[in-house]
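A short worksheet on the structure shown next.
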Amino acid sequence: MDRRAFSLSFVVVASAGLFLPPARAADETSAVPERVSETSSGCIECHADVSPGIVADWKRSRHARTTPRQALAVPAAGRRMSAKAVPDALADVVVGCYECHGAKSGPRGDRFEHMGSEIHVVVSPKDCAICHPQEAAEYEGTKKAEAYGILEKNPVFRGLVDATIAPKRVEEGLRLVHGKPSATTEHETCFGCHGTVVAAKGLRTVESEYGEIEVPVLENWPNQGVGRINPDGSKGACSSCHPRHAFSIEVARKPYTCSQCHLDPDVPAYNVYRESKHGNIFASQGEAWDFDAVPWKIGADFNAPTCATCHSSGTATADGKTIAARTHDFGARLWVRIFGLIYTHPQPVKGATWLLRSKDDLPLPVALDGTPAAEGLIGPDESNRRKRLMEGVCRSCHGSTWVSGHFAKLDATIRETDDMVRQATKLVAEAWARGLARGLPQKESPFDEGIEIRWTDAWLFYANSIRYASAMTGAPDYAAFKNGWYELSKALREIKEWIDVHQAIGPDPRRVNENRSQ
Amino acid sequence: MDRRAFSLSFVVVASAGLFLPPARAADETSAVPERVSETSSGCIECHADVSPGIVADWKRSRHARTTPRQALAVPAAGRRMSAKAVPDALADVVVGCYECHGAKSGPRGDRFEHMGSEIHVVVSPKDCAICHPQEAAEYEGTKKAEAYGILEKNPVFRGLVDATIAPKRVEEGLRLVHGKPSATTEHETCFGCHGTVVAAKGLRTVESEYGEIEVPVLENWPNQGVGRINPDGSKGACSSCHPRHAFSIEVARKPYTCSQCHLDPDVPAYNVYRESKHGNIFASQGEAWDFDAVPWKIGADFNAPTCATCHSSGTATADGKTIAARTHDFGARLWVRIFGLIYTHPQPVKGATWLLRSKDDLPLPVALDGTPAAEGLIGPDESNRRKRLMEGVCRSCHGSTWVSGHFAKLDATIRETDDMVRQATKLVAEAWARGLARGLPQKESPFDEGIEIRWTDAWLFYANSIRYASAMTGAPDYAAFKNGWYELSKALREIKEWIDVHQAIGPDPRRVNENRSQ
Amino acid sequence: MDRRAFSLSFVVVASAGLFLPPARAADETSAVPERVSETSSGCIECHADVSPGIVADWKRSRHARTTPRQALAVPAAGRRMSAKAVPDALADVVVGCYECHGAKSGPRGDRFEHMGSEIHVVVSPKDCAICHPQEAAEYEGTKKAEAYGILEKNPVFRGLVDATIAPKRVEEGLRLVHGKPSATTEHETCFGCHGTVVAAKGLRTVESEYGEIEVPVLENWPNQGVGRINPDGSKGACSSCHPRHAFSIEVARKPYTCSQCHLDPDVPAYNVYRESKHGNIFASQGEAWDFDAVPWKIGADFNAPTCATCHSSGTATADGKTIAARTHDFGARLWVRIFGLIYTHPQPVKGATWLLRSKDDLPLPVALDGTPAAEGLIGPDESNRRKRLMEGVCRSCHGSTWVSGHFAKLDATIRETDDMVRQATKLVAEAWARGLARGLPQKESPFDEGIEIRWTDAWLFYANSIRYASAMTGAPDYAAFKNGWYELSKALREIKEWIDVHQAIGPDPRRVNENRSQ
C-alpha cells in the first residue's frame, strides 16, 4: 500500500465496510452509561472504587449500552436477544449489576441482603435466560451442561479421576495406596473444566472499606466449569465462554476461550487448530477481522474459521443467506465422538452419558472390544444430517472434491486409531489374564499400574490427537510426532515390553497386590 | 503518549511513514474489482454465492487489485513480479480465478470442462511461474521441492515412516507386527508436510446448486505439502506458505506459517523462536510492523526478525541498500543441517538427498559413526560464504563481538550434541551386537524396539532441540529442560538401563524375534 | 457497532481516553530526534548504516524523545525516572547512545576507545541507575540479581546442573560417565536465564566498513541473563525484560517477556497463564489495552492482569488511588516459593539462597523431609503482609468470597503436592538404602540414575505445575493431565516399579557402580 494514502484509505475503508481494525475502543466511555437503573447506579457508586476492573469491563460491554427494548428493535437476522419480550421493569434500562445479580429467576440458596438490596453472587443460566431463553434451552441437557454428572455419576470415569488425582501414600512393603481426592484438587483439575457444585453455606462477616458487611459463604467458588451446578439448581456457567463482565461474543468466538479446556494432551483441539492452516491464517490476519458481527458473514467478516465458526456460530454469506444457524448445543453439529472414551462412537443422544450401557455392562457408550452401545447413540440418518451441515460450512471456502476428500480421510483415520487402541487393550487384557497386573477381571482399578497408565496414554492422549489432527486436516507434525503415531507406536511397544519384563521377574504377590485404595 | 494528541499524531504518523497499524483494511472492497477478465467475472458470479470465503479472500488480495502491467511498472527494488513480460491477454486484467485455474502452462491430468471453460483445480508452481518465474526456479530442486522423494525414495527414512505410522497388530505369543501405512495416514502425517502425489483419476458427477456438474476425482486432495507432486509433474505448492486465495507476503513472513511444519518435537524452530528474545519482541510489538513492504527494511518496517527475515526475505536498510537478496531456496543461506539426521553435516548441494551415500553404504549424508558423505555436500568455501551472508543479517542489529560470540557458541554446541548422539548410538549398537535387540546388523528395522525408539528420541528430538536453541541464541529453558539436555541425558540413561534389564532377563527368542513386518 | 460511525467514533474515543488501538506508530519518526548530544549524533551517523535495526528501535523509544529534565517535570504519579536530579551534562539531551554506552558509572573492564570516544559495550544496572536508582536498588540482592550464585555457589544445584548438561560418555562395561559442562552449554541452558559472568579479555581487531577497528573480546557475550555479572561488578541486565534498544515498559508488561524463562516444564508460569481465564482475556482483547500508562490503571488501561500486574507494576484505580506500588523486586509480593526446590517453603529473606542451611545440613531452604530451614526465611507476619497486598490486587476485580476461596485452595494444594513429593522421596531413599541406586547416602549424585531422574521430574516439573495452576486459579487441564496430577501419579508408580524390577534383577555391581564423574 502507498503509505501516503494511508490516512485517507483508512477513512474510506471504515465506510466501505469489510474488516475493521480493532474497534473495541469505540465501545467505551469513562462516564456511567445513561439509562442505568437506580439500583445498579448505587452498585456502581461503590464498586467503581472497590472493584474498578469489573465496572470498567462492564462499561465497555454491549450490556452497558443497550436496553432490552433497543435490542429487540434490531431486525431478526442481527438480533442478539432471543426473548420475545422482557418484563417492563427491565425493558428500558441497560443491563446493569442489579438486573443480573438481582434477577428474580426463581428460588436459590445464595441470595443475601447487601446494602439494601437482595442480590446473589452466582449468576446462572436461569438469570441469563430472562433475555436469552433460546440459548439457555439449547444448552440444557447437552454434554457440557451435564459435564459434572458425566464424571461424578459414572463409576468408570470416577475411577479414572480417583486414580489420577487422589493423594498417594507409600505403605509397608513399598505398597502404593491411594485415598480419596480432596475437594480442592477435584476443583482445580477435572472438575475445573467440568464444573462442580457451588453450594451456599450461610453468611460470614468481612471487613470492608464501608465497615463490616455480610457476604455469603460459597463452597467451590470461584468456579467457571461448563457443567457448574448453581445454587438455583441450574447447570452451567455462561461466563465459561463469555467472561465477566464483558459478556463478549468476540471473546467466545476467538479460539483462546475454547483452548482453556480443549487443550493437549487429552483434548488437543486448540493445539491442532493452532498448527493448522486455519490457525495460521487466524494468527496472521485475525486482528483485522470483525468478531462481533451477527450474523457472522464468512468472507466479509473473517476469512478462516475459528472453533466457534464450525461448532456454534450463526454464519451467513455476505448478503445474509444462512450457512449454519447459531446453536449453543456445541455437539449439535457433530456425528462422531473422537475423544474421552477408549474408542470413537456415534454421538450420544443426550448429555447424561452415565445412563448408557455397553454390552460388557459398563456405563459407557462403547464396550472394551469397541462395540457401540445398542441404545442412546444417534443413528445413521442423524449422523448424515449433521455431516451434511458441517460440509456446508466447509464448502463456503472449499470445493466439493476437497470437502469429500477431507471427510473420507477422517473416516479412515477413525478406523485405524480405533484398531490401534484395540491392540493396546488386547495387551493390557493379557497382563490382567496372566495376573501381572490387576484390573477389570480382578474388579480393581484399570488405571493405576504402569502398564495401565501407558494404555490410558494410548487412548486418552495419542489416538485422540491423531483424530483431532485428521478432523481439522492439517497438523501433520502433531499427528506424526508430537502426540500422534510416534507416541502411540511407542506406547504399544512399551506396553509389550512391560509384559516381557514383568513376566520374566515373576508375579511377586508383594508386588502385584498393592495399589489398592485405603 | 499524551492521549489527547492521539488522533492528530495518528494522521501525522501515517505520512511520516514508520510502522503502520494493521493496514489490511485498506486492501478491501466489497465490489468486484475493475479490470477482471470476462471469464473470471463469470466465475465470481456463482462462486461469490457458493464459496463466498475464497472470493472475499481474493478480493482483498493484491492479485485482485493489480494487473501484471501495473506490477511491471513498479521500480525494480519494490517489484513483486519477476517475469519481464507476460502474454498480452494477461497484461491488462487483474489476476483472477481463470488467470490461474485456466492457465495454459503445459499438459496436465486434472483439466476439465466447467461451466463452459477448461480449468484445473490444482494450481501449480508452473502456473505461478507465468508471473513469478524466478521464485519458481529458485524453489526447483531444493530440499523443500524434493521433500516427497526425500522420504519416499530413501529406504532408511521410508523405514522410519513405516515403523512410526504403520498399523500394528498383536499376534500369537504377543508378537507385535506392523503392516503397511495407509495412504490416508501417510498423507495426514509425514507426507502432510513433505507432500504427496496428487493424481487425477477421471471425473465424477456431483449435485450442486446449479444442477449436476462434473468434477475431477483427485487422489490425496486436499494437499498443501511443500513437495507436492502436481498433476502437471511439477513439485511444490506455493499455497503452503501463501495460503489461498490471498497469496499474501504478510502471511508468509509471519512465523505462524513456518510453524505449521517447523514445530516440536522434531523441528522445533517455532518453539525456540517463540521463546527467544526475537520471538518476544515480535509477539509484543509485531502488530505495528509492516509485513508487506518490498524490500523489507530492517528497523523501518520491523525491529526483530521472523523466520523469513533470516532465511528468505529480501531485506534492506531504510535507504534501500540490500542486506540480503530474496530467495525461495530456503536452505540457500544455511551451511550446516542440524535436524532430521542422526548427526549434523554440511548442507547437501542438491535437494535429492536420497542419492547421497555414506561410507557405511547407507543413502545418508552421514554415517552411523558421524562421518559425512564424501560427495554431494557443500565444501568449506561455500559454507563460509553462507555464514558471512547470515552474519550480515545479524549485524543489522548486533555488533561484531555479539555476532562472532553467537556463532562460536553454535559451533561448539553442534560438536557436543553430535558427540552425545554418538554415545547413544554406541549403546544401541551394543544391544544389537548382544542380540538384545535386532536392528541394522540383523538387517531389521532400527526404529521399532523400545531401546531403538529412545535412541530415535535422542537424535530426532533432543539433540535437534538443543541445536535450534543454540542457533537462535535464546531458548535456554527449551535447551535445558523442555526437550533439551535434561531429556537427552535421561534418554541416554534409560537406554543404558534398558540394556541392563534386558541383559538380566535374557534374550528370550520369543521376545526378541517378533516385531517383524507382515 | 454501526460501521458507518466507525471513523467518527474512532476520533471520539481517542479523546475520551479508555483503551487505545496500537499506538506505537505515534512514537516514531524517521528523522534524528532533536536534542541528541553531539557524541550520540556521531554514533548515529555511522550506525544508522551499519546497524540500522537498533538505531530505528531507539528512535521509536521514549529515550529518544525525552530529556531527563522533561522526565523530571512529569507529576510524581506518572513519573518514570526515580532520580531526583541528573548531572547537568545529561539533563537537556535525550538519552542517546553515548549517554548509556559512555556513562561514567564507575570502573569497568570493558571500556575501550571507539571512533574518538571511550565507550563500553555492556550497559549495566549501574549505568541505568543514573536515572533509575530506585529500580536498581530494588533489584539489588533479589533472587533474580543473585541468580548466578544461586546455581553456581550451591553444590546441590551445581550438581543438578552437572548431571543435566555435562557431556556423557560410554566407557568399558557400558559405564556411563559424565565430565564437566562446557562454558558454551552452561551459557545456553541454565545460565542463559540465570546469567553468567561477562568478562572483558582485551581487544581484537576486526574489519569494518570504516576500515580496521578494535573491539573488545567479551567472554559469554551475547548475554541477557537476569543475574548477569557485568564487567563493572554489578549484577543483572535490565535488557532481560526491557530489550534493546526500545527499553519499553510495554514489552516488559506483556507476558511474552516473562515467558522467555518462566516456561514449562520447570517454571510453567506462562503455560498456566496462557490457559487461564486471565490469559484468554489478554489474548482476546489485549491488543486494545494501553500497556504504556504510568500508573497502570486497572479497568481503565486494561481489564485482565498480565504477569507484571500482580508481581511488579504500579497499579491504580482510574482516579489514581494506588492499588500496589511498583517494585523491581519481583519476589517482594510473594510469601511462598512454589518451584525450584524439592518442597515449597516461605520465601527467603535474601536472594543469596546458597547461604541457607537445612536441618540435614544441605545449603537448601528445606530439608529432604520437608522441614524449612530455621533461619533466613520470612516469618508469618511478613507472609501475611504480602498475602494481603496480593489479595488487594485480586479484589480490584473479584469479591472477597472469590478471593478468600482462591487462596484457601492454593494453601491446600501446596500441602498436597508437598506430601506427594514426600512419598516419592521416600521411595528413592529406599532405593538408595537398598543399594539399588547410589545417591546422598553414598555421597554420590542424587540426580543421574533412572529412578532419580523420575524423582526429579516429580518435584521439579509436576508438583510445580500443579501449584502454578492453583496459584493462577485456572489451568485445570494443565493441573490434571498436561504436567500435573496424571504425570505426578505416573512418576510415583514408575519409581515404584523401577525398584521392583531392579530388586528382581539384583544389584549387579557392574551395573550400579558406574555413573560416576570422570
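In the C-alpha cells, the first chain shown is A, the next is B, and so on; residue numbers restart at 1 for each chain, and ligands run from 1 in the order shown.
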Original post:
Do you know which residues are at most 12 Å from Pro107 of chain B counting only C-alpha atoms, after dropping those on the same chain fewer than 2 positions away, and could you put them as a PyMOL selection string?
Top reply: chain B and resi 102-105+109-111+119-120+124+126-127+230-234
With C-alpha atoms retained, could you export that selection as a PDB file, in the first residue's frame?
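And here is the file that came out, out.pdb:
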ATOM      1  CA  GLY B 102      -7.225 -21.706 -16.540  1.00  0.00           C
ATOM      2  CA  ALA B 103      -3.526 -21.061 -17.077  1.00  0.00           C
ATOM      3  CA  LYS B 104      -2.102 -22.877 -20.068  1.00  0.00           C
ATOM      4  CA  SER B 105       1.248 -23.711 -18.505  1.00  0.00           C
ATOM      5  CA  GLY B 109      -4.130 -34.602 -15.998  1.00  0.00           C
ATOM      6  CA  ASP B 110      -6.611 -32.574 -13.993  1.00  0.00           C
ATOM      7  CA  ARG B 111      -8.030 -30.234 -16.618  1.00  0.00           C
ATOM      8  CA  ILE B 119      -9.966 -25.290 -15.941  1.00  0.00           C
ATOM      9  CA  HIS B 120      -7.925 -27.191 -13.371  1.00  0.00           C
ATOM     10  CA  SER B 124       1.000 -25.483  -9.507  1.00  0.00           C
ATOM     11  CA  LYS B 126       4.268 -23.866 -13.243  1.00  0.00           C
ATOM     12  CA  ASP B 127       1.117 -21.735 -13.247  1.00  0.00           C
ATOM     13  CA  ASN B 230       1.233 -31.951  -9.050  1.00  0.00           C
ATOM     14  CA  PRO B 231      -0.820 -33.398 -11.903  1.00  0.00           C
ATOM     15  CA  ASP B 232       1.413 -31.426 -14.292  1.00  0.00           C
ATOM     16  CA  GLY B 233       4.522 -33.097 -12.893  1.00  0.00           C
ATOM     17  CA  SER B 234       5.825 -30.020 -11.119  1.00  0.00           C
TER      18      SER B 234
END
**OP:** Return as a list in words the full set of residues in segment 133-311 of chain B whose backbone-based DSSP assignment is strand (DSSP E).
**Re:**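 These are the residues in question: Lys168, Arg169, Val170, Glu171, Arg175, Leu176, Val177, His178, Ala199, Ala200, Lys201, Gly202, Leu203, Arg204, Thr205, Val206, Glu207, Ser208, Gly211, Glu212, Ile213, Glu214, Val215, Pro216, Val217, Leu218, Glu219, Trp296 and Lys297 of chain B.
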Let's have the selection written as an mmCIF file, in the first residue's frame, with N, CA, C and O atoms.
data_model
loop_
_atom_site.group_PDB
_atom_site.id
_atom_site.type_symbol
_atom_site.label_atom_id
_atom_site.label_comp_id
_atom_site.auth_asym_id
_atom_site.auth_seq_id
_atom_site.Cartn_x
_atom_site.Cartn_y
_atom_site.Cartn_z
ATOM 1 N N LYS B 168 -0.222 -51.447 13.807
ATOM 2 C CA LYS B 168 0.425 -52.578 14.476
ATOM 3 C C LYS B 168 -0.635 -53.602 14.862
ATOM 4 O O LYS B 168 -1.792 -53.249 15.090
ATOM 5 N N ARG B 169 -0.182 -54.846 14.994
ATOM 6 C CA ARG B 169 -1.108 -55.899 15.370
ATOM 7 C C ARG B 169 -0.437 -56.863 16.353
ATOM 8 O O ARG B 169 0.740 -57.205 16.179
ATOM 9 N N VAL B 170 -1.178 -57.248 17.378
ATOM 10 C CA VAL B 170 -0.654 -58.228 18.330
ATOM 11 C C VAL B 170 -0.960 -59.615 17.799
ATOM 12 O O VAL B 170 -2.120 -59.967 17.598
ATOM 13 N N GLU B 171 0.088 -60.405 17.572
ATOM 14 C CA GLU B 171 -0.086 -61.774 17.055
ATOM 15 C C GLU B 171 0.181 -62.776 18.178
ATOM 16 O O GLU B 171 0.568 -62.400 19.285
ATOM 17 N N ARG B 175 3.562 -61.374 19.839
ATOM 18 C CA ARG B 175 4.390 -60.732 18.814
ATOM 19 C C ARG B 175 3.665 -59.489 18.288
ATOM 20 O O ARG B 175 2.469 -59.518 18.026
ATOM 21 N N LEU B 176 4.424 -58.401 18.159
ATOM 22 C CA LEU B 176 3.859 -57.136 17.703
ATOM 23 C C LEU B 176 4.338 -56.911 16.269
ATOM 24 O O LEU B 176 5.512 -56.625 16.043
ATOM 25 N N VAL B 177 3.456 -57.070 15.305
ATOM 26 C CA VAL B 177 3.888 -56.941 13.910
ATOM 27 C C VAL B 177 3.286 -55.676 13.308
ATOM 28 O O VAL B 177 2.244 -55.198 13.754
ATOM 29 N N HIS B 178 3.975 -55.132 12.332
ATOM 30 C CA HIS B 178 3.352 -53.986 11.672
ATOM 31 C C HIS B 178 3.241 -54.196 10.180
ATOM 32 O O HIS B 178 4.047 -54.881 9.564
ATOM 33 N N ALA B 199 -3.044 -37.145 -7.740
ATOM 34 C CA ALA B 199 -3.287 -37.793 -9.032
ATOM 35 C C ALA B 199 -4.738 -37.604 -9.449
ATOM 36 O O ALA B 199 -5.658 -37.792 -8.649
ATOM 37 N N ALA B 200 -4.935 -37.201 -10.707
ATOM 38 C CA ALA B 200 -6.289 -37.045 -11.249
ATOM 39 C C ALA B 200 -6.772 -38.402 -11.739
ATOM 40 O O ALA B 200 -6.077 -39.092 -12.494
ATOM 41 N N LYS B 201 -7.950 -38.806 -11.281
ATOM 42 C CA LYS B 201 -8.486 -40.124 -11.630
ATOM 43 C C LYS B 201 -9.858 -39.971 -12.286
ATOM 44 O O LYS B 201 -10.860 -40.483 -11.783
ATOM 45 N N GLY B 202 -9.919 -39.210 -13.349
ATOM 46 C CA GLY B 202 -11.184 -39.057 -14.067
ATOM 47 C C GLY B 202 -12.141 -38.092 -13.395
ATOM 48 O O GLY B 202 -11.740 -37.262 -12.574
ATOM 49 N N LEU B 203 -13.397 -38.225 -13.730
ATOM 50 C CA LEU B 203 -14.408 -37.277 -13.274
ATOM 51 C C LEU B 203 -15.511 -38.006 -12.512
ATOM 52 O O LEU B 203 -15.701 -39.209 -12.669
ATOM 53 N N ARG B 204 -16.222 -37.282 -11.687
ATOM 54 C CA ARG B 204 -17.424 -37.824 -11.074
ATOM 55 C C ARG B 204 -18.504 -36.731 -11.104
ATOM 56 O O ARG B 204 -18.186 -35.536 -11.256
ATOM 57 N N THR B 205 -19.724 -37.143 -10.963
ATOM 58 C CA THR B 205 -20.825 -36.187 -11.035
ATOM 59 C C THR B 205 -21.297 -35.848 -9.624
ATOM 60 O O THR B 205 -21.481 -36.749 -8.807
ATOM 61 N N VAL B 206 -21.414 -34.578 -9.340
ATOM 62 C CA VAL B 206 -21.952 -34.186 -8.035
ATOM 63 C C VAL B 206 -23.149 -33.261 -8.237
ATOM 64 O O VAL B 206 -23.296 -32.604 -9.263
ATOM 65 N N GLU B 207 -23.993 -33.259 -7.217
ATOM 66 C CA GLU B 207 -25.159 -32.387 -7.195
ATOM 67 C C GLU B 207 -24.724 -31.014 -6.705
ATOM 68 O O GLU B 207 -24.042 -30.916 -5.694
ATOM 69 N N SER B 208 -25.049 -29.957 -7.422
ATOM 70 C CA SER B 208 -24.716 -28.610 -6.948
ATOM 71 C C SER B 208 -25.951 -27.727 -6.983
ATOM 72 O O SER B 208 -27.004 -28.149 -7.462
ATOM 73 N N GLY B 211 -27.436 -27.581 -10.408
ATOM 74 C CA GLY B 211 -27.702 -28.855 -11.053
ATOM 75 C C GLY B 211 -26.500 -29.784 -10.978
ATOM 76 O O GLY B 211 -25.534 -29.531 -10.251
ATOM 77 N N GLU B 212 -26.551 -30.882 -11.724
ATOM 78 C CA GLU B 212 -25.441 -31.841 -11.716
ATOM 79 C C GLU B 212 -24.252 -31.262 -12.468
ATOM 80 O O GLU B 212 -24.400 -30.708 -13.566
ATOM 81 N N ILE B 213 -23.071 -31.379 -11.859
ATOM 82 C CA ILE B 213 -21.861 -30.960 -12.572
ATOM 83 C C ILE B 213 -20.804 -32.038 -12.412
ATOM 84 O O ILE B 213 -20.860 -32.846 -11.486
ATOM 85 N N GLU B 214 -19.863 -32.042 -13.350
ATOM 86 C CA GLU B 214 -18.761 -32.997 -13.253
ATOM 87 C C GLU B 214 -17.554 -32.334 -12.599
ATOM 88 O O GLU B 214 -17.200 -31.190 -12.944
ATOM 89 N N VAL B 215 -16.969 -33.042 -11.683
ATOM 90 C CA VAL B 215 -15.753 -32.527 -11.032
ATOM 91 C C VAL B 215 -14.696 -33.628 -11.063
ATOM 92 O O VAL B 215 -15.026 -34.814 -11.132
ATOM 93 N N PRO B 216 -13.427 -33.249 -11.020
ATOM 94 C CA PRO B 216 -12.386 -34.278 -11.109
ATOM 95 C C PRO B 216 -12.288 -35.085 -9.811
ATOM 96 O O PRO B 216 -12.581 -34.582 -8.722
ATOM 97 N N VAL B 217 -11.907 -36.337 -9.955
ATOM 98 C CA VAL B 217 -11.548 -37.151 -8.796
ATOM 99 C C VAL B 217 -10.048 -36.971 -8.590
ATOM 100 O O VAL B 217 -9.256 -37.245 -9.491
ATOM 101 N N LEU B 218 -9.671 -36.464 -7.425
ATOM 102 C CA LEU B 218 -8.254 -36.216 -7.143
ATOM 103 C C LEU B 218 -7.820 -37.036 -5.943
ATOM 104 O O LEU B 218 -8.386 -36.894 -4.854
ATOM 105 N N GLU B 219 -6.830 -37.870 -6.145
ATOM 106 C CA GLU B 219 -6.265 -38.620 -5.021
ATOM 107 C C GLU B 219 -5.371 -37.710 -4.184
ATOM 108 O O GLU B 219 -4.625 -36.884 -4.734
ATOM 109 N N TRP B 296 12.060 -5.386 2.377
ATOM 110 C CA TRP B 296 11.644 -5.324 3.779
ATOM 111 C C TRP B 296 12.757 -4.631 4.552
ATOM 112 O O TRP B 296 13.835 -5.185 4.729
ATOM 113 N N LYS B 297 12.474 -3.408 4.991
ATOM 114 C CA LYS B 297 13.517 -2.545 5.544
ATOM 115 C C LYS B 297 13.684 -2.764 7.054
ATOM 116 O O LYS B 297 12.797 -2.454 7.852
#
7 Å contact set for segment 483-498 of chain C, only C-alpha atoms, chain neighbours under 4 positions out, as a compact mmCIF listing (two decimals) with C-alpha atoms, in the first residue's frame:
# COMPACT_ATOMS: atom_id res chain seq x y z
CA THR A 164 -5.29 -39.66 38.70
CA ILE A 165 -5.77 -37.03 41.37
CA GLU A 449 -0.42 -49.63 37.36
CA GLY A 450 2.42 -48.79 34.99
CA ILE A 453 -1.24 -45.85 32.64
CA ALA C 424 8.41 -40.00 46.00
CA LEU C 427 10.80 -44.35 47.52
CA ILE C 451 14.90 -43.60 39.32
CA ARG C 454 11.95 -39.65 37.60
CA ALA C 458 8.15 -35.29 40.19
CA TYR C 462 4.92 -31.95 38.08
CA ALA C 463 4.40 -30.77 41.66
CA SER C 465 2.94 -27.34 37.66
CA ILE C 466 0.04 -28.22 39.91
CA TYR C 478 -2.59 -28.43 32.90
CA ALA C 479 -3.04 -29.45 36.54
CA HIS C 502 15.87 -53.64 39.83
I'd like the neighbourhood of Gln224 of chain A as a short mmCIF file (atom, residue, chain, number, x, y, z; two decimals) with N, CA and C atoms, in the first residue's frame, where a residue qualifies if any of its atoms comes within 8 Å (using only C-alpha atoms), though same-chain residues fewer than 2 positions away should be ignored.
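Output saved as out-v8.cif:
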data_model
loop_
_atom_site.label_atom_id
_atom_site.label_comp_id
_atom_site.auth_asym_id
_atom_site.auth_seq_id
_atom_site.Cartn_x
_atom_site.Cartn_y
_atom_site.Cartn_z
N GLY A 192 -12.54 -28.60 37.31
CA GLY A 192 -12.30 -27.20 36.93
C GLY A 192 -12.93 -26.90 35.58
N CYS A 193 -12.81 -27.81 34.63
CA CYS A 193 -13.48 -27.67 33.34
C CYS A 193 -14.92 -28.19 33.39
N GLY A 195 -16.91 -28.53 35.94
CA GLY A 195 -17.79 -27.84 36.88
C GLY A 195 -18.06 -28.68 38.11
N PRO A 222 -14.14 -19.50 43.60
CA PRO A 222 -14.57 -19.29 42.22
C PRO A 222 -14.80 -20.58 41.44
N VAL A 226 -18.08 -25.66 32.84
CA VAL A 226 -19.24 -25.62 31.93
C VAL A 226 -20.45 -26.36 32.47
N ARG A 228 -21.19 -26.46 35.83
CA ARG A 228 -21.33 -25.99 37.21
C ARG A 228 -22.79 -26.17 37.69
N ALA A 237 -22.38 -22.36 33.28
CA ALA A 237 -21.90 -21.03 33.62
C ALA A 237 -21.66 -20.33 32.30
N SER A 239 -20.47 -17.63 31.84
CA SER A 239 -19.18 -16.95 31.91
C SER A 239 -18.01 -17.87 31.56
N SER A 240 -18.24 -19.17 31.42
CA SER A 240 -17.15 -20.04 30.94
C SER A 240 -16.59 -19.49 29.63
#
**OP:** Could you jot down the atom CA of Thr401 of chain A to atom CA of Ala324 of chain A separation for me, Å, one decimal place?
**Re:**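 So the two atoms, atom CA of Thr401 of chain A and atom CA of Ala324 of chain A, lie 20.7 Å apart.
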Original post:
Quick one: residues within 6 Å of Ala64 of chain A, only C-alpha atoms counted, chain neighbours fewer than 2 positions away excluded, as JSON, numbers by chain?
Top reply: {"A": [59, 61, 62, 66, 94, 95]}
Produce a file of the selected residues containing C-alpha atoms, as a PDB file, in the first residue's frame.
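Final output, saved to result32.pdb:
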ATOM      1  CA  LYS A  59     -18.879  -0.182  30.883  1.00  0.00           C
ATOM      2  CA  SER A  61     -19.779  -4.062  27.190  1.00  0.00           C
ATOM      3  CA  ARG A  62     -22.825  -4.108  24.968  1.00  0.00           C
ATOM      4  CA  THR A  66     -28.216  -1.327  25.197  1.00  0.00           C
ATOM      5  CA  VAL A  94     -29.411  -1.104  30.278  1.00  0.00           C
ATOM      6  CA  VAL A  95     -28.352  -4.487  31.637  1.00  0.00           C
TER       7      VAL A  95
END
**OP:** Would you mind writing down, as a ChimeraX atom specification, each residue of segment 263-330 of chain A that DSSP on the backbone assigns to helix (DSSP H, G or I)?
**Re:** /A:269-275,277-288,307-311
Subject >> Among listed residues C:Gly405, C:Gly53, C:Pro167, C:Gly286, nearest chain A (using only C-alpha atoms) >> reply: C:Gly405
Original post:
From the list C:Cys238, C:Val55, C:Ala77, C:Val403, which residue is nearest Ala136 of chain C when using only C-alpha atoms?
Top reply: C:Cys238
Subject >> Contacts of Thr425 of chain C within 10 Å, only C-alpha atoms, excl. fewer than 6 positions in-chain, as a PyMOL selection string >> reply: chain C and resi 342+368-370+419+431+452+455-456+458-459+492+495
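When atom CA of Val366 of chain A is paired with atom CA of Met472 of chain A, their separation reads 24.1 Å.
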Subject >> Distance of atom CA of Ser400 of chain B from atom CA of Ile44 of chain C, expressed in Å to one decimal place >> reply: 16.8 Å
**OP:** For His345 of chain B, please output as JSON, numbers by chain all residues within 8 Å (counting only C-alpha atoms; exclusion window: fewer than 4 positions along the same chain).
**Re:** {"B": [336, 337, 338, 365, 366, 372]}
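Using only C-alpha atoms for every distance, the candidate list C:Val294, C:Ala408, C:Leu334, C:Cys100 yields C:Val294 as the residue closest to Thr322 of chain C.
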Subject >> Closest of C:Val251, C:Leu72, C:Leu160, C:Ala318 to chain B - atom-to-atom distances counting only C-alpha atoms >> reply: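 Smallest distance to chain B is found for C:Val251.
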